[in-house]
>>> print(open('entry-v5.pdb').read())   # PDB, C-alpha atoms (C1' of nucleotides)
ATOM      1  CA  MET G   1      74.966  92.129 109.510
ATOM      2  CA  GLN G   2      76.722  91.241 112.733
ATOM      3  CA  ILE G   3      79.893  92.832 113.927
ATOM      4  CA  ILE G   4      81.390  90.729 116.651
ATOM      5  CA  THR G   5      85.014  91.753 116.908
ATOM      6  CA  ILE G   6      86.622  94.203 114.527
ATOM      7  CA  GLN G   7      90.213  93.397 113.735
ATOM      8  CA  PRO G   8      91.726  96.588 112.369
ATOM      9  CA  GLU G   9      94.534  94.804 110.544
ATOM     10  CA  VAL G  10      91.902  93.138 108.334
ATOM     11  CA  ILE G  11      91.008  96.563 106.956
ATOM     12  CA  PHE G  12      94.589  97.314 105.983
ATOM     13  CA  GLN G  13      95.011  93.790 104.702
ATOM     14  CA  ALA G  14      92.076  94.455 102.391
ATOM     15  CA  LEU G  15      93.870  97.437 100.852
ATOM     16  CA  ALA G  16      97.253  95.731 100.735
ATOM     17  CA  ASP G  17      96.673  94.548  97.187
ATOM     18  CA  GLU G  18      97.018  96.553  94.016
ATOM     19  CA  THR G  19      93.820  95.311  92.400
ATOM     20  CA  ARG G  20      91.705  95.954  95.480
ATOM     21  CA  LEU G  21      93.214  99.389  95.865
ATOM     22  CA  ARG G  22      92.304 100.149  92.258
ATOM     23  CA  ILE G  23      88.704  99.128  92.966
ATOM     24  CA  ILE G  24      88.450 101.248  96.089
ATOM     25  CA  ARG G  25      90.036 104.252  94.437
ATOM     26  CA  LEU G  26      87.470 104.213  91.654
ATOM     27  CA  LEU G  27      84.640 104.219  94.156
ATOM     28  CA  VAL G  28      86.249 106.795  96.426
ATOM     29  CA  VAL G  29      87.004 109.245  93.626
ATOM     30  CA  THR G  30      83.701 108.947  91.817
ATOM     31  CA  GLY G  31      81.343 108.260  94.724
ATOM     32  CA  GLU G  32      79.661 105.716  92.463
ATOM     33  CA  GLU G  33      78.364 102.224  92.997
ATOM     34  CA  SER G  34      79.187  99.713  90.347
ATOM     35  CA  CYS G  35      78.728  96.143  89.174
ATOM     36  CA  LEU G  36      81.307  93.516  88.306
ATOM     37  CA  CYS G  37      81.188  93.960  84.550
ATOM     38  CA  GLU G  38      81.830  97.673  84.851
ATOM     39  CA  PHE G  39      84.911  96.911  86.939
ATOM     40  CA  VAL G  40      86.039  94.366  84.368
ATOM     41  CA  ASP G  41      85.822  96.927  81.594
ATOM     42  CA  SER G  42      87.524  99.592  83.698
ATOM     43  CA  LEU G  43      90.386  97.614  85.215
ATOM     44  CA  LEU G  44      90.786  95.190  82.312
ATOM     45  CA  GLU G  45      91.126  92.211  84.608
ATOM     46  CA  PRO G  46      89.290  88.875  84.333
ATOM     47  CA  SER G  47      85.930  88.736  86.025
ATOM     48  CA  TYR G  48      86.711  85.800  88.325
ATOM     49  CA  LYS G  49      89.676  87.695  89.675
ATOM     50  CA  LEU G  50      87.720  90.854  90.412
ATOM     51  CA  SER G  51      84.842  88.861  91.832
ATOM     52  CA  ARG G  52      87.151  87.355  94.411
ATOM     53  CA  HIS G  53      88.706  90.686  95.326
ATOM     54  CA  LEU G  54      85.261  92.219  95.711
ATOM     55  CA  LYS G  55      84.391  89.433  98.091
ATOM     56  CA  ILE G  56      87.474  90.121 100.184
ATOM     57  CA  LEU G  57      86.611  93.816 100.350
ATOM     58  CA  ARG G  58      83.072  92.944 101.389
ATOM     59  CA  GLN G  59      84.256  90.584 104.113
ATOM     60  CA  ALA G  60      86.586  93.271 105.407
ATOM     61  CA  GLY G  61      83.594  95.563 105.793
ATOM     62  CA  LEU G  62      84.633  98.073 103.149
ATOM     63  CA  LEU G  63      81.963  97.248 100.579
ATOM     64  CA  SER G  64      78.291  96.407 100.750
ATOM     65  CA  SER G  65      76.813  94.524  97.822
ATOM     66  CA  GLN G  66      73.268  94.407  96.575
ATOM     67  CA  LYS G  67      71.837  92.253  93.848
ATOM     68  CA  GLU G  68      69.627  93.819  91.194
ATOM     69  CA  GLY G  69      68.475  91.261  88.672
ATOM     70  CA  ARG G  70      71.552  89.789  87.068
ATOM     71  CA  TRP G  71      73.790  92.537  88.343
ATOM     72  CA  VAL G  72      75.379  92.987  91.753
ATOM     73  CA  TYR G  73      76.135  96.549  92.769
ATOM     74  CA  HIS G  74      78.987  97.321  95.110
ATOM     75  CA  ARG G  75      79.274 100.522  97.117
ATOM     76  CA  LEU G  76      81.558 101.812  99.822
ATOM     77  CA  VAL G  77      80.620 101.393 103.460
ATOM     78  CA  VAL G  78      81.113 104.736 105.165
ATOM     79  CA  LYS G  79      79.558 104.288 108.571
ATOM     80  CA  PRO G  80      82.378 104.101 111.120
ATOM     81  CA  PRO G  81      84.327 107.369 111.123
ATOM     82  CA  TYR G  82      87.658 105.650 110.620
ATOM     83  CA  LEU G  83      86.445 104.418 107.233
ATOM     84  CA  GLU G  84      85.879 107.985 106.102
ATOM     85  CA  LEU G  85      89.411 108.789 107.207
ATOM     86  CA  LEU G  86      90.660 105.741 105.399
ATOM     87  CA  TYR G  87      89.051 106.889 102.165
ATOM     88  CA  SER G  88      90.566 110.332 102.599
ATOM     89  CA  THR G  89      93.921 108.635 102.840
ATOM     90  CA  VAL G  90      93.246 106.593  99.725
ATOM     91  CA  SER G  91      92.263 109.637  97.711
ATOM     92  CA  ALA G  92      95.443 111.430  98.816
ATOM     93  CA  LEU G  93      97.727 108.683  97.578
ATOM     94  CA  PRO G  94     100.057 109.478  94.677
ATOM     95  CA  ASP G  95      99.359 108.030  91.257
ATOM     96  CA  SER G  96     102.788 106.831  90.177
ATOM     97  CA  GLY G  97     102.667 105.946  86.531
ATOM     98  CA  GLY G  98      99.165 107.241  85.952
ATOM     99  CA  ALA G  99      97.594 103.797  86.345
ATOM    100  CA  TYR G 100      94.764 105.080  88.482
ATOM    101  CA  SER G 101      93.802 107.883  86.171
ATOM    102  CA  ALA G 102      93.729 105.413  83.286
ATOM    103  CA  ASP G 103      91.338 103.245  85.294
ATOM    104  CA  LEU G 104      89.272 106.286  86.078
ATOM    105  CA  GLN G 105      89.092 107.344  82.465
ATOM    106  CA  ARG G 106      87.837 103.936  81.387
ATOM    107  CA  PHE G 107      85.423 103.865  84.302
ATOM    108  CA  ARG G 108      83.833 107.201  83.439
ATOM    109  CA  LYS G 109      83.562 106.186  79.811
ATOM    110  CA  ARG G 110      81.925 102.956  80.865
ATOM    111  CA  LEU G 111      79.416 104.774  83.074
ATOM    112  CA  CYS G 112      78.228 106.662  79.996
ATOM    113  CA  LEU G 113      76.954 103.365  78.615
ATOM    114  CA  ARG G 114      74.424 102.994  81.411
ATOM    115  CA  LYS G 115      70.724 103.308  80.653
ATOM    116  CA  GLY G 116      68.489 104.661  83.362
ATOM    117  CA  GLY G 117      71.488 104.956  85.653
ATOM    118  CA  ARG G 118      72.108 101.222  85.559
ATOM    119  CA  CYS G 119      74.417  98.907  83.682
ATOM    120  CA  GLN G 120      72.480  97.078  80.982
ATOM    121  CA  ILE G 121      75.081  95.783  78.603
ATOM    122  CA  GLY G 122      77.472  93.340  80.287
ATOM    123  CA  ILE G 123      81.182  92.942  79.752
ATOM    124  CA  GLN G 124      82.465  94.693  76.670
ATOM    125  CA  SER G 125      86.156  93.749  76.755
ATOM    126  CA  GLU G 126      85.752  90.237  75.411
ATOM    127  CA  GLU G 127      89.103  88.859  76.451
ATOM    128  CA  PHE G 128      88.378  89.410  80.141
ATOM    129  CA  LYS G 129      85.078  87.612  80.345
ATOM    130  CA  THR G 130      84.886  84.286  82.078
ATOM    131  CA  LYS G 131      84.995  81.857  79.226
ATOM    132  CA  ALA G 132      82.206  79.582  80.341
ATOM    133  CA  GLY G 133      82.215  76.073  78.884
TER
ATOM    134  CA  MET Y   1     117.171 108.050 100.981
ATOM    135  CA  GLN Y   2     115.893 107.560  97.465
ATOM    136  CA  ILE Y   3     112.255 107.329  96.529
ATOM    137  CA  ILE Y   4     111.968 105.938  93.046
ATOM    138  CA  THR Y   5     108.421 104.699  92.705
ATOM    139  CA  ILE Y   6     105.940 104.710  95.564
ATOM    140  CA  GLN Y   7     103.660 101.719  95.594
ATOM    141  CA  PRO Y   8     100.715 102.643  97.792
ATOM    142  CA  GLU Y   9      99.776  99.050  98.535
ATOM    143  CA  VAL Y  10     103.111  98.648 100.341
ATOM    144  CA  ILE Y  11     101.933 101.168 102.913
ATOM    145  CA  PHE Y  12      98.777  99.239 103.653
ATOM    146  CA  GLN Y  13     100.713  96.000 103.551
ATOM    147  CA  ALA Y  14     102.903  97.426 106.301
ATOM    148  CA  LEU Y  15      99.892  97.962 108.544
ATOM    149  CA  ALA Y  16      98.250  94.665 107.660
ATOM    150  CA  ASP Y  17      99.858  92.931 110.604
ATOM    151  CA  GLU Y  18      98.760  93.065 114.202
ATOM    152  CA  THR Y  19     102.229  93.530 115.661
ATOM    153  CA  ARG Y  20     103.157  96.334 113.276
ATOM    154  CA  LEU Y  21      99.841  98.050 113.935
ATOM    155  CA  ARG Y  22     100.546  97.879 117.666
ATOM    156  CA  ILE Y  23     103.918  99.547 117.078
ATOM    157  CA  ILE Y  24     102.470 102.317 114.943
ATOM    158  CA  ARG Y  25      99.610 102.952 117.343
ATOM    159  CA  LEU Y  26     102.002 103.498 120.223
ATOM    160  CA  LEU Y  27     103.927 106.079 118.234
ATOM    161  CA  VAL Y  28     100.823 107.763 116.836
ATOM    162  CA  VAL Y  29      99.099 108.095 120.183
ATOM    163  CA  THR Y  30     102.114 109.242 122.168
ATOM    164  CA  GLY Y  31     104.032 111.148 119.505
ATOM    165  CA  GLU Y  32     107.169 109.561 120.919
ATOM    166  CA  GLU Y  33     110.224 108.006 119.368
ATOM    167  CA  SER Y  34     111.398 104.791 120.881
ATOM    168  CA  CYS Y  35     114.046 102.077 120.782
ATOM    169  CA  LEU Y  36     113.688  98.346 120.380
ATOM    170  CA  CYS Y  37     113.982  97.433 124.042
ATOM    171  CA  GLU Y  38     111.202  99.814 124.960
ATOM    172  CA  PHE Y  39     108.982  98.150 122.387
ATOM    173  CA  VAL Y  40     109.932  94.752 123.754
ATOM    174  CA  ASP Y  41     108.889  95.756 127.247
ATOM    175  CA  SER Y  42     105.687  97.394 126.010
ATOM    176  CA  LEU Y  43     104.421  94.781 123.561
ATOM    177  CA  LEU Y  44     105.923  91.780 125.376
ATOM    178  CA  GLU Y  45     107.176  90.225 122.166
ATOM    179  CA  PRO Y  46     110.662  88.815 121.490
ATOM    180  CA  SER Y  47     113.216  91.319 120.295
ATOM    181  CA  TYR Y  48     114.080  89.543 117.031
ATOM    182  CA  LYS Y  49     110.428  89.589 116.059
ATOM    183  CA  LEU Y  50     109.974  93.282 116.716
ATOM    184  CA  SER Y  51     113.281  94.081 115.052
ATOM    185  CA  ARG Y  52     112.069  92.513 111.854
ATOM    186  CA  HIS Y  53     108.709  94.279 111.970
ATOM    187  CA  LEU Y  54     110.455  97.588 112.552
ATOM    188  CA  LYS Y  55     112.542  96.926 109.484
ATOM    189  CA  ILE Y  56     109.425  96.294 107.389
ATOM    190  CA  LEU Y  57     107.860  99.526 108.630
ATOM    191  CA  ARG Y  58     111.056 101.381 107.807
ATOM    192  CA  GLN Y  59     111.227  99.925 104.306
ATOM    193  CA  ALA Y  60     107.607 100.907 103.735
ATOM    194  CA  GLY Y  61     108.539 104.486 104.544
ATOM    195  CA  LEU Y  62     106.530 104.757 107.746
ATOM    196  CA  LEU Y  63     109.455 104.885 110.170
ATOM    197  CA  SER Y  64     112.842 106.520 110.167
ATOM    198  CA  SER Y  65     115.489 105.045 112.411
ATOM    199  CA  GLN Y  66     118.524 106.636 113.962
ATOM    200  CA  LYS Y  67     121.286 104.993 115.905
ATOM    201  CA  GLU Y  68     122.411 106.544 119.207
ATOM    202  CA  GLY Y  69     125.163 104.520 120.782
ATOM    203  CA  ARG Y  70     123.835 101.054 121.398
ATOM    204  CA  TRP Y  71     120.258 102.119 120.889
ATOM    205  CA  VAL Y  72     118.286 102.689 117.710
ATOM    206  CA  TYR Y  73     115.417 105.151 117.915
ATOM    207  CA  HIS Y  74     112.419 104.831 115.654
ATOM    208  CA  ARG Y  75     110.053 107.658 114.863
ATOM    209  CA  LEU Y  76     107.126 108.161 112.515
ATOM    210  CA  VAL Y  77     107.684 109.678 109.102
ATOM    211  CA  VAL Y  78     105.079 112.392 108.604
ATOM    212  CA  LYS Y  79     106.175 114.155 105.473
ATOM    213  CA  PRO Y  80     103.747 113.236 102.703
ATOM    214  CA  PRO Y  81     100.235 114.426 103.589
ATOM    215  CA  TYR Y  82      98.697 111.011 103.063
ATOM    216  CA  LEU Y  83     100.804 109.674 105.930
ATOM    217  CA  GLU Y  84      99.251 112.197 108.295
ATOM    218  CA  LEU Y  85      95.835 111.056 107.104
ATOM    219  CA  LEU Y  86      96.902 107.466 107.583
ATOM    220  CA  TYR Y  87      97.873 108.141 111.187
ATOM    221  CA  SER Y  88      94.555 109.868 111.799
ATOM    222  CA  THR Y  89      92.895 106.712 110.569
ATOM    223  CA  VAL Y  90      95.035 104.576 112.845
ATOM    224  CA  SER Y  91      94.225 106.662 115.893
ATOM    225  CA  ALA Y  92      90.500 106.433 115.111
ATOM    226  CA  LEU Y  93      90.489 102.648 115.036
ATOM    227  CA  PRO Y  94      88.526 100.821 117.728
ATOM    228  CA  ASP Y  95      90.365  99.019 120.489
ATOM    229  CA  SER Y  96      88.498  95.725 120.643
ATOM    230  CA  GLY Y  97      89.557  93.876 123.737
ATOM    231  CA  GLY Y  98      91.635  96.698 125.159
ATOM    232  CA  ALA Y  99      94.875  95.301 123.780
ATOM    233  CA  TYR Y 100      96.104  98.673 122.582
ATOM    234  CA  SER Y 101      95.450 100.461 125.842
ATOM    235  CA  ALA Y 102      97.330  97.727 127.654
ATOM    236  CA  ASP Y 103     100.291  98.296 125.324
ATOM    237  CA  LEU Y 104     100.001 102.005 125.906
ATOM    238  CA  GLN Y 105      99.952 101.614 129.655
ATOM    239  CA  ARG Y 106     103.129  99.525 129.640
ATOM    240  CA  PHE Y 107     104.733 101.927 127.179
ATOM    241  CA  ARG Y 108     104.085 104.985 129.338
ATOM    242  CA  LYS Y 109     105.348 103.159 132.380
ATOM    243  CA  ARG Y 110     108.452 102.192 130.479
ATOM    244  CA  LEU Y 111     109.067 105.769 129.354
ATOM    245  CA  CYS Y 112     109.260 106.770 133.009
ATOM    246  CA  LEU Y 113     112.405 104.680 133.324
ATOM    247  CA  ARG Y 114     114.306 106.918 130.893
ATOM    248  CA  LYS Y 115     117.111 109.089 132.136
ATOM    249  CA  GLY Y 116     117.759 112.357 130.359
ATOM    250  CA  GLY Y 117     114.926 111.555 127.956
ATOM    251  CA  ARG Y 118     116.695 108.454 126.698
ATOM    252  CA  CYS Y 119     116.495 104.753 127.389
ATOM    253  CA  GLN Y 120     119.454 103.647 129.496
ATOM    254  CA  ILE Y 121     118.445 100.327 130.917
ATOM    255  CA  GLY Y 122     117.806  97.726 128.208
ATOM    256  CA  ILE Y 123     115.183  95.028 128.127
ATOM    257  CA  GLN Y 124     113.479  94.452 131.458
ATOM    258  CA  SER Y 125     111.125  91.599 130.621
ATOM    259  CA  GLU Y 126     113.718  88.840 130.694
ATOM    260  CA  GLU Y 127     111.747  86.188 128.832
ATOM    261  CA  PHE Y 128     111.538  88.310 125.685
ATOM    262  CA  LYS Y 129     115.205  89.015 125.238
ATOM    263  CA  THR Y 130     117.133  87.261 122.510
ATOM    264  CA  LYS Y 131     118.747  84.363 124.299
ATOM    265  CA  ALA Y 132     122.193  84.670 122.781
ATOM    266  CA  GLY Y 133     124.650  81.784 123.036
TER
ATOM    267  C1'  DT A   1     141.117  93.260 126.574
ATOM    268  C1'  DG A   2     137.219  90.841 127.505
ATOM    269  C1'  DC A   3     132.385  90.725 128.628
ATOM    270  C1'  DA A   4     127.646  92.193 128.509
ATOM    271  C1'  DT A   5     124.066  93.652 125.660
ATOM    272  C1'  DA A   6     121.176  96.249 121.982
ATOM    273  C1'  DC A   7     120.121  94.936 117.747
ATOM    274  C1'  DT A   8     120.172  92.265 113.207
ATOM    275  C1'  DT A   9     119.987  88.422 110.184
ATOM    276  C1'  DG A  10     120.330  83.688 107.943
ATOM    277  C1'  DC A  11     117.855  79.300 107.948
ATOM    278  C1'  DA A  12     114.123  76.142 107.901
ATOM    279  C1'  DC A  13     109.328  75.556 108.505
ATOM    280  C1'  DT A  14     104.377  76.495 108.065
ATOM    281  C1'  DA A  15     100.416  78.975 106.744
ATOM    282  C1'  DT A  16      98.223  81.666 103.711
ATOM    283  C1'  DA A  17      97.355  84.771  99.643
ATOM    284  C1'  DG A  18      96.787  85.365  94.849
ATOM    285  C1'  DC A  19      96.366  83.263  90.566
ATOM    286  C1'  DG A  20      94.389  80.722  86.253
ATOM    287  C1'  DC A  21      91.345  77.339  84.924
ATOM    288  C1'  DT A  22      86.971  75.387  84.952
ATOM    289  C1'  DA A  23      82.593  74.264  86.425
ATOM    290  C1'  DG A  24      78.601  75.839  88.655
ATOM    291  C1'  DT A  25      74.481  78.997  89.925
ATOM    292  C1'  DA A  26      70.917  82.258  88.957
ATOM    293  C1'  DA A  27      68.463  85.411  86.303
ATOM    294  C1'  DT A  28      66.891  87.305  81.925
ATOM    295  C1'  DA A  29      65.782  87.389  76.918
ATOM    296  C1'  DG A  30      63.595  85.342  73.062
TER
ATOM    297  C1'  DC H   1      61.923  75.908  77.447
ATOM    298  C1'  DT H   2      66.402  77.095  76.031
ATOM    299  C1'  DA H   3      70.306  79.931  75.375
ATOM    300  C1'  DT H   4      72.871  83.564  77.055
ATOM    301  C1'  DT H   5      75.311  85.772  80.544
ATOM    302  C1'  DA H   6      76.515  88.119  85.193
ATOM    303  C1'  DC H   7      78.574  86.312  88.851
ATOM    304  C1'  DT H   8      80.579  82.737  92.162
ATOM    305  C1'  DA H   9      83.256  78.893  93.833
ATOM    306  C1'  DG H  10      86.250  74.709  93.898
ATOM    307  C1'  DC H  11      90.874  72.919  92.706
ATOM    308  C1'  DG H  12      95.704  72.916  92.396
ATOM    309  C1'  DC H  13      99.776  75.608  91.987
ATOM    310  C1'  DT H  14     103.277  79.027  93.329
ATOM    311  C1'  DA H  15     105.086  82.765  95.845
ATOM    312  C1'  DT H  16     105.529  85.009  99.864
ATOM    313  C1'  DA H  17     104.816  86.357 104.789
ATOM    314  C1'  DG H  18     105.464  85.393 109.588
ATOM    315  C1'  DT H  19     107.746  82.718 112.980
ATOM    316  C1'  DG H  20     111.363  80.572 116.293
ATOM    317  C1'  DC H  21     115.964  79.451 116.753
ATOM    318  C1'  DA H  22     120.528  80.565 116.753
ATOM    319  C1'  DA H  23     124.436  82.936 115.167
ATOM    320  C1'  DG H  24     126.483  87.337 114.130
ATOM    321  C1'  DT H  25     127.584  92.506 114.550
ATOM    322  C1'  DA H  26     128.586  96.537 117.060
ATOM    323  C1'  DT H  27     128.806  99.438 120.953
ATOM    324  C1'  DG H  28     129.981 100.525 125.671
ATOM    325  C1'  DC H  29     131.678  99.289 130.283
ATOM    326  C1'  DA H  30     134.893  97.294 133.669
TER
END
>>> encode(input="entry-v5.pdb", output="structure tokens")
Amino acid sequence: MQIITIQPEVIFQALADETRLRIIRLLVVTGEESCLCEFVDSLLEPSYKLSRHLKILRQAGLLSSQKEGRWVYHRLVVKPPYLELLYSTVSALPDSGGAYSADLQRFRKRLCLRKGGRCQIGIQSEEFKTKAG
Amino acid sequence: MQIITIQPEVIFQALADETRLRIIRLLVVTGEESCLCEFVDSLLEPSYKLSRHLKILRQAGLLSSQKEGRWVYHRLVVKPPYLELLYSTVSALPDSGGAYSADLQRFRKRLCLRKGGRCQIGIQSEEFKTKAG
DNA sequence: TGCATACTTGCACTATAGCGCTAGTAATAG
DNA sequence: CTATTACTAGCGCTATAGTGCAAGTATGCA
């Protein structure tokens, strides 16, 4: 990991998207780390879409990702102090329409399906899988 | 002022631009309110550009603007708690390259030219005025 | 009344962001 | 070895954001 020049606007750019904000909020509120298929089942968005947003968050320095077998786990980066402040801001945001709490509800339910603290079952919401050939 | 539905990503969108972040940082660090021509002389950007960015910040709910004669003063909105947290985040951001402190230095210098606590002199850096007609 | 000026805005252009689709890669299960 | 599947990436499309230029509005001064 090399940090050459930090451009602060990239951090805000990373959160300037509804889907990415939904991802970050789940991680901020629960303190969890999670894999793609758990996000798919929680946010009910196609996997290729979430995969790309996760990449953007990683490149912005907000997420670190670690591969475990077939799964890739994503967790929040908390090292520079301004990131902690940023997450405090995120968790203080209003939830107009209850969209975030719906995500959270699905996320918690999905976490119950883990075995040994890890996802073992893949995407459950069939219509959001990547329909491979 | 009517708030119908707050979309949190609009707030981050507002800060996802270098120029707008420079504006907000000046106001966060100094606690001042300021008019367009003072921003022009501090950021050394053309007035039409800054005027548009100020409008975006206003529409995002980060700035409130008040006309006083020929001048329009812009100040930070601090009411919802998450905005205070947001400004804490902004003030904790690194200043790679010293661009922000250069802005700040010009801004403080420019504030010294006020009379009676108000800007009375207009844009000083000639090349950044709007060349009308 | 006319001019200077602080500020805003319409227009055209360019760059980029987000998307769906689809194919591809890698790892595991049987 | 083969099939399944978690995840990624390329392609083309569309929408939008940021910009410079130039015109327009509004306020105050002489």
>>> interface_residues(input="entry-v5.pdb", of="chain G", to="chain H", cutoff="10 Å", atoms="only C-alpha atoms (C1' of nucleotides)", output="ChimeraX atom specification")
/G:35-37,47-48,51-52,55,69-72,122-123,129-130,132
>>> resolve_selection(input="entry-v5.pdb", expression="the PyMOL selection byres ((chain A) within 9 of (chain G))", output="PyMOL selection string")
chain A and resi 19+22-23+26-28
>>> closest_atom_pairs(input="entry-v5.pdb", of="chain G", to="chain Y", cutoff="8 Å", atoms="only C-alpha atoms", output="JSON lines")
{"residue": "G:Thr5", "atom": "CA", "partner": "Y:Ser96", "partner_atom": "CA", "distance": 6.5}
{"residue": "G:Ile6", "atom": "CA", "partner": "Y:Ser96", "partner_atom": "CA", "distance": 6.6}
{"residue": "G:Gln7", "atom": "CA", "partner": "Y:Ser96", "partner_atom": "CA", "distance": 7.5}
{"residue": "G:Pro8", "atom": "CA", "partner": "Y:Leu93", "partner_atom": "CA", "distance": 6.7}
{"residue": "G:Glu9", "atom": "CA", "partner": "Y:Ala16", "partner_atom": "CA", "distance": 4.7}
{"residue": "G:Val10", "atom": "CA", "partner": "Y:Ala16", "partner_atom": "CA", "distance": 6.6}
{"residue": "G:Ile11", "atom": "CA", "partner": "Y:Ala16", "partner_atom": "CA", "distance": 7.5}
{"residue": "G:Phe12", "atom": "CA", "partner": "Y:Ala16", "partner_atom": "CA", "distance": 4.8}
{"residue": "G:Gln13", "atom": "CA", "partner": "Y:Ala16", "partner_atom": "CA", "distance": 4.5}
{"residue": "G:Leu15", "atom": "CA", "partner": "Y:Phe12", "partner_atom": "CA", "distance": 5.9}
{"residue": "G:Ala16", "atom": "CA", "partner": "Y:Gln13", "partner_atom": "CA", "distance": 4.5}
{"residue": "G:Asp17", "atom": "CA", "partner": "Y:Glu9", "partner_atom": "CA", "distance": 5.6}
{"residue": "G:Glu18", "atom": "CA", "partner": "Y:Glu9", "partner_atom": "CA", "distance": 5.9}
{"residue": "G:Leu21", "atom": "CA", "partner": "Y:Glu9", "partner_atom": "CA", "distance": 7.1}
{"residue": "G:Pro81", "atom": "CA", "partner": "Y:Ala92", "partner_atom": "CA", "distance": 7.4}
{"residue": "G:Tyr82", "atom": "CA", "partner": "Y:Thr89", "partner_atom": "CA", "distance": 5.3}
{"residue": "G:Leu83", "atom": "CA", "partner": "Y:Thr89", "partner_atom": "CA", "distance": 7.6}
{"residue": "G:Leu85", "atom": "CA", "partner": "Y:Thr89", "partner_atom": "CA", "distance": 5.3}
{"residue": "G:Leu86", "atom": "CA", "partner": "Y:Thr89", "partner_atom": "CA", "distance": 5.7}
{"residue": "G:Ser88", "atom": "CA", "partner": "Y:Leu85", "partner_atom": "CA", "distance": 7.0}
{"residue": "G:Thr89", "atom": "CA", "partner": "Y:Leu85", "partner_atom": "CA", "distance": 5.3}
{"residue": "G:Val90", "atom": "CA", "partner": "Y:Tyr82", "partner_atom": "CA", "distance": 7.8}
{"residue": "G:Ala92", "atom": "CA", "partner": "Y:Tyr82", "partner_atom": "CA", "distance": 5.4}
{"residue": "G:Leu93", "atom": "CA", "partner": "Y:Tyr82", "partner_atom": "CA", "distance": 6.0}
{"residue": "G:Pro94", "atom": "CA", "partner": "Y:Pro8", "partner_atom": "CA", "distance": 7.5}
{"residue": "G:Ser96", "atom": "CA", "partner": "Y:Thr5", "partner_atom": "CA", "distance": 6.5}
>>> axis_aligned_box(input="entry-v5.pdb", around="region 17-25 of chain H", padding_each_side="8 Å", output="lines of an AutoDock Vina configuration file")
center_x = 116.2
center_y = 86.0
center_z = 110.8
size_x = 38.8
size_y = 29.1
size_z = 28.0
>>> atom_distance(input="entry-v5.pdb", atom1="CA of Lys115 (chain G)", atom2="CA of Val77 (chain G)")
24.9 Å
>>> atom_distance(input="entry-v5.pdb", atom1="CA of Asp41 (chain Y)", atom2="CA of Arg110 (chain Y)")
7.2 Å
>>> atom_distance(input="entry-v5.pdb", atom1="C1' of DC7 (chain A)", atom2="CA of Leu57 (chain Y)")
16.0 Å
>>> residues_near_point(input="entry-v5.pdb", point="(101.1, 111.0, 119.8)", cutoff="12 Å", atoms="all atoms listed in the file", output="NGL selection string")
:Y and (24-33 or 75-76 or 78 or 84 or 87-88 or 90-91 or 104 or 108)
